[in-house]
Structures are given as C-alpha cells and as structure tokens.
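In what follows, a structure is listed as structure tokens, so that the remarks can point back to it.
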Amino acid sequence: MALTPKMPGLIKGLAVTLKTLGRTVTQGPETVQYPHEKETPPIRARGVIALREDNCTVCMLCARSCPDWCIYIEGHKTLAPPRRAGGKPRSVSLLDRFDIDYALCMYCGICVEVCPFDALFWSPEYEYSESRIADLLHDKDKLGEWMETVPEAPELEAGAAKGKK
Amino acid sequence: MMLAVEIPYWGQSLFRVLGGIVAVLIPAGTIVYVFLFKMMSFMQSRLGPMEAGPYGSLQLVAEVGKWLQKEDTAPERADHSIFKLAPLIVLLSTFLLVAAVPFGPDAWITNFQAGVFYALAVSSISVLGILVAGWSSANKYSLLGGLRAAGQLIAYELPLVLATLGVVIQAGSMNMQDIVVAQGTESIFGWDGIGNPYVLTQFVGFLVFMIAVQAELTQPPFDMPIAESELVSGYMTEYSGFRFLIFFIAEFATVGVFSLIASILFLGGWSVPFSWFGWDSLDEVADWMNLAGPLILFTKMMVLSFLIMWVRFSFPRFREDQLQRFAWKFLIPLALANIVITAIFKVAM
C-alpha cells in the first residue's frame, strides 16, 4: 500500500501542532493583544509620510512619480530677500497646499526616494485610522506634525558619505 | 427505579427532550470554545478570542448574538421552502443521534435494542439536508459542494458501519447499553482490572471508525465539500444569519455526538470497569453512576473530540480522488478484514 511511507509525515505533522500548543501554553504566544499591548515597529517601518515644509521647493517630482496620484501640491512664486546685502531678491516657490490622501496611498515610498531636497520622510507611526474616509487626507500641517515622530537617520556606513569636504 | 415520584408520560417526554437538547448543545459549545477557539489558536501560537468574558469564554455568546441579528437572506432563484428547511434537517439528524446514547445505567433517553443500527441510520439523514441545501441554493458552488458532500458521506458511511460491526460482533449486541456493560464486565485474558475497552481489541476498528467519523463530519483533511479556496463555502455558501448558525451548531454538535458514540463503542461509555466496585451486571451498578456516568462519558468525549480537532488542525485537505480512493480501496477492505478476524476469534473463543 502506498500509504505506509506517508505515516511518519502524518505523525510529524501532529507533533508540530502539539508542540506549538505546548509552547503557547508554557511560554505564551508569538502575538500581542494589540490595543492593550503595542509592539514598537522597526525603525524603518513604513507607517506614515512626514513633510518638512522648509525643504520643499514645490518641484512636483513626488506628485509626478506617485503611482496612485495621491499627492496634491499647489504653490506660488514669490520674492525672498537677498542672501547678501545689496544682492538681488531671490525667486522662491512657496507651498500653498501639500496633501497626501492616505486612502489612496499604497506606501510604495517612491515620493520619499525621489525627493531631491529631503522634504519627505518615513515615520513608523501607524495609528491614524479614521472613521470618515475624507479624514485620511492629511494636509501640510498634519504632515508636518508627523516630523516629530521621524526617527534619527541611521549613521552612514564607512565610505558612504559624499565626497564634499 | 430510583425516583419515588411518579412522573407522568408527558413530563418524562419533556424531560427527555430537554436532556437531549442539553446533551447536544453543551458538548457543542464546549468543543467550539475549548478546541475551535482556544486549542486551534494555541496550535498557531496565538491566544484566540480574549475580549468577551474572561479568556474570551463568552465569545460564543457574542457570535450567536451576532448571527441572530443578521438578516435571513435567500437567493432570489432559490427553492425557498426547501432552502429554509435544509439546515434544520442537518440539525435534526444530530438530535436524533443523541437519542440512542446511554449516559448512565438508567440515564438514557431511549433504550433502543438496535441502538447502533439506529444511530448509523439517522446519522445519514444529514446527507439529505446537505444535498438539499446545495441543490436549492441556485448556486453552482453550493451544488458542487452538496454533491461532493453526498459522494463523500456515502463513501465513508460504509467504513463507519463496517468498523462498528466488529464491536457489535464482539459485544454480541446492538444495544449501546449492552455494549457498555460488556466492556465493563469483560476481562482481558482473565484480568479484569480495566474491563475490556474495545479500543484495545478492536484497535483497527477504532482507527477506521475515527477516520470515517472525521470524513462524515467533513472536518479537515476531509473538508472537500466546503473547500473554501475553490467552493467559497460549499453547500453553506448562500446561508446567512441563524440558518448558518444552525449549520455551524450542527457541525460541532455532531462532532460531540459522534465522539459520544465512539466513546461508547470503544472506550466503555459511561462505565468504569465494573470490577472496581464489585459489580457483575447492569442491575448491580450503583445509582450514583447516573450522575457520575454522564461526567465520565463527557470526559471520554472530550478526549475523542480532541483527537478529531487535533487532526483537523494539523493536516491539509485531501484531493477529491485521493479521498474516494482512500475510502474504497483502503478503509473498506481494512474494515472487512477486521470483521472477518473478529468473527473468527468470536467463534473460536
């Protein structure tokens, strides 16, 4: 009968479940009881995207690279005072609106990667669910608040720093 | 025998109906909580429901409440009257099954002379319910699930019956009470320390019986009829609300009742080995066994349900052809051989 060689596998399978049962009873489960007990997410977890408004130049690279078109940017051009006395006033872009619709966002992180001025950061914060879907549209103030939760950038590996200085 | 008060017939009937309901629902609830909610979770290294009541013990109440609130929907093109009847037929067979189970020397609902025959006969009523559910749902998945269930239940009914025959031959009776007494009073080669639970002498029969029960209950690895990855939920697909609840109760109540029957046939049922207390026959059994018996039977039922659930949580699903081949080419010949050998021993000894 072809069934005889399969028997040890059957028993092994039963042993696996029984062993896990025993381990859960004696040493506790691998899971945590979420709302009562929270695990700290890993430092580079993709929780929410934070915005450092000062760094943003309204270049639109993030909005254009977003696969879901979930980033809305509006800005206007204005004149800033010259850097040095007697200089020409500089032309800068100011951000009027920077919204990320987390109901659309798929957490690919392309916007963070593509930003040339370090204006977008990943934060491991994940508890921002809403009962109204429209509330998932975070404006630039809210995205700015997430900056507080962004962890320090890890140290660069030896030799990874850029050549300047 | 022990009750001084004469209870009128309607009172007795009411008492038996209530006893039957309790005997079906308490094992079902216990099995769902202890095994389905907790043991399965532990086997997957998680805790399972923890919020409703201490350690989630009231989770089942919450689930039942949720199901009862839901709308009782039926597909537009379903055969409505039959569609609504189907879960009740399935549950009915469970309640009819428990009628044949003896819980103590006098604590039985009905003392059938051909109890084993009756139990095996009514257990197959559930096939009708399942087939009807699949057919009347007007849904191809339900129909496929129903047909698969019918094919499987009929295929595994045979090994179930044949495995039971070994016990019947050895006990010389089809009465479940007699089978229990035979296991309590017999001895193993003259040693009567543990009676003679037929799980020892009929081990092959026990094995075949438990495998067939697993398939009769459509528990994994024999859950082809409700294979959720291909058939949504098989014959239960279109059911919602309390009709789904009835299917759910029937599934786990039948686990309990089949475990009860298996513990009667193979583990000695409500009895302890009679030699422990110096009893020789059913009439000498003390009255307190009417209270202790159900508890003993319940313990044995939990052990067997544990086996059923353990296998359920450990193994992946059989393919349809493997499932049929296993029944017809392996289990049935094995059970037949078991009957022949049992008969030879019975005549020779």
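Each chain of the structure tokens is named A, B, ... in the order shown, its residues numbered from 1; ligands are numbered from 1 in display order.
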Exercise. Using only C-alpha atoms, which residues sit within 12 Å of Leu14 in chain A once same-chain residues fewer than 2 positions away are excluded, as a PyMOL selection string?
Worked result: (chain A and resi 7-12+16-21) or (chain B and resi 43+307-316)
For this session: Considering only C-alpha atoms, return as a list in words whatever protein or nucleic-acid residues lie within 8 Å of range 184-189 of chain B, sequence-local ones (same chain, fewer than 2 positions apart) excluded.
Result: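 Contacts, with the query itself left out: Val180, Val181, Ala182, Trp191, Asp192, Gly193, Ile194, Gly195, Asn196, Pro197, Gly268, Ser271, Val272, Pro273, Phe274, Ser275, Asp280 and Ser281 of chain B.
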Problem set entry | Of the listed residues B:Val208, B:Ile7, B:Met39, B:Leu200, that which approaches chain A most closely, counting only C-alpha atoms |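 Among B:Val208, B:Ile7, B:Met39, B:Leu200, it is B:Met39 that comes nearest to chain A.
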For this session: as a ChimeraX atom specification, list the residues of chain A assigned to strand (DSSP E or B) by DSSP on the backbone atoms of this structure.
Result: /A:48-51,71-80,90-101,120-123,137-138
Exercise. Distance CA of Gly115 in chain B-CA of Gly269 in chain B, one decimal place?
Worked result: 13.8 Å
Exercise. Do you have the CA of Leu96 in chain B-CA of Ile21 in chain B distance handy?
Worked result: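 Value for the CA of Leu96 in chain B-CA of Ile21 in chain B distance: 10.4 Å.
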Would you list the contacts of Pro225 in chain B as an mmCIF file with C-alpha atoms, in the first residue's frame, taking every protein, DNA or RNA residue within 7 Å and counting only C-alpha atoms, but skipping same-chain residues closer than 6 positions in sequence?
```
data_model
loop_
_atom_site.group_PDB
_atom_site.id
_atom_site.type_symbol
_atom_site.label_atom_id
_atom_site.label_comp_id
_atom_site.auth_asym_id
_atom_site.auth_seq_id
_atom_site.Cartn_x
_atom_site.Cartn_y
_atom_site.Cartn_z
ATOM 1 C CA GLY B 145 -20.297 21.318 -2.557
ATOM 2 C CA GLY B 146 -23.512 19.434 -1.949
ATOM 3 C CA ARG B 148 -19.135 16.398 -3.123
ATOM 4 C CA ALA B 149 -20.570 16.090 0.360
ATOM 5 C CA GLY B 234 -19.694 24.700 -0.408
#
```
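Considering the residues B:Ile169, B:Leu25, B:Met40, B:Ile332 and counting only C-alpha atoms, chain A has its shortest atom-to-atom contact with B:Met40.
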Problem set entry | Best match for closeness to Pro49 in chain B among A:Gln33, A:Ala15, A:Cys105, A:Glu130, counting only C-alpha atoms |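 Using only C-alpha atoms, Pro49 in chain B sits closest to A:Gln33.
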Seminar exercise, completed: Among A:Arg44, A:Arg23, A:His36, A:Arg84, Pro154 in chain A is approached most closely, using only C-alpha atoms, by A:Arg44
For this session: With a distance cut-off of 10 Å and only C-alpha atoms, select the neighbouring residues of range 62-70 of chain A, excluding the residue or stretch itself and same-chain residues fewer than 6 positions from it, and output the selection as number ranges by chain.
Result: A: 98-116, 120, 137
Exercise. So which residues touch Gln177 in chain B within 12 Å, counting only C-alpha atoms, skipping near sequence neighbours fewer than 3 positions away, as a VMD selection string?
Worked result: chain B and resid 100 to 116 168 171 to 174 180 to 184 261 264 to 265 268 to 271 281 to 283
Exercise. CA of Tyr118 in chain B and CA of Leu131 in chain B are how many Å apart?
Worked result: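 CA of Tyr118 in chain B sits 21.1 Å away from CA of Leu131 in chain B.
For the choices B:Leu143, B:Leu331, B:Val347, B:Ala78, the atom-to-atom distance to chain A is smallest for B:Leu331 when using only C-alpha atoms.
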Exercise. With distances taken over only C-alpha atoms, which of A:Glu74, A:Glu127, A:Asp135, A:Glu157 is nearest to Tyr34 in chain A?
Worked result: A:Glu127
Problem set entry | Distance query Val127 in chain B at most 12 Å, only C-alpha atoms, self and fewer than 5 positions along chain excluded, as a PyMOL selection string | chain B and resi 86-87+89-94+121-122+132-134+145-157+216-218+225+235
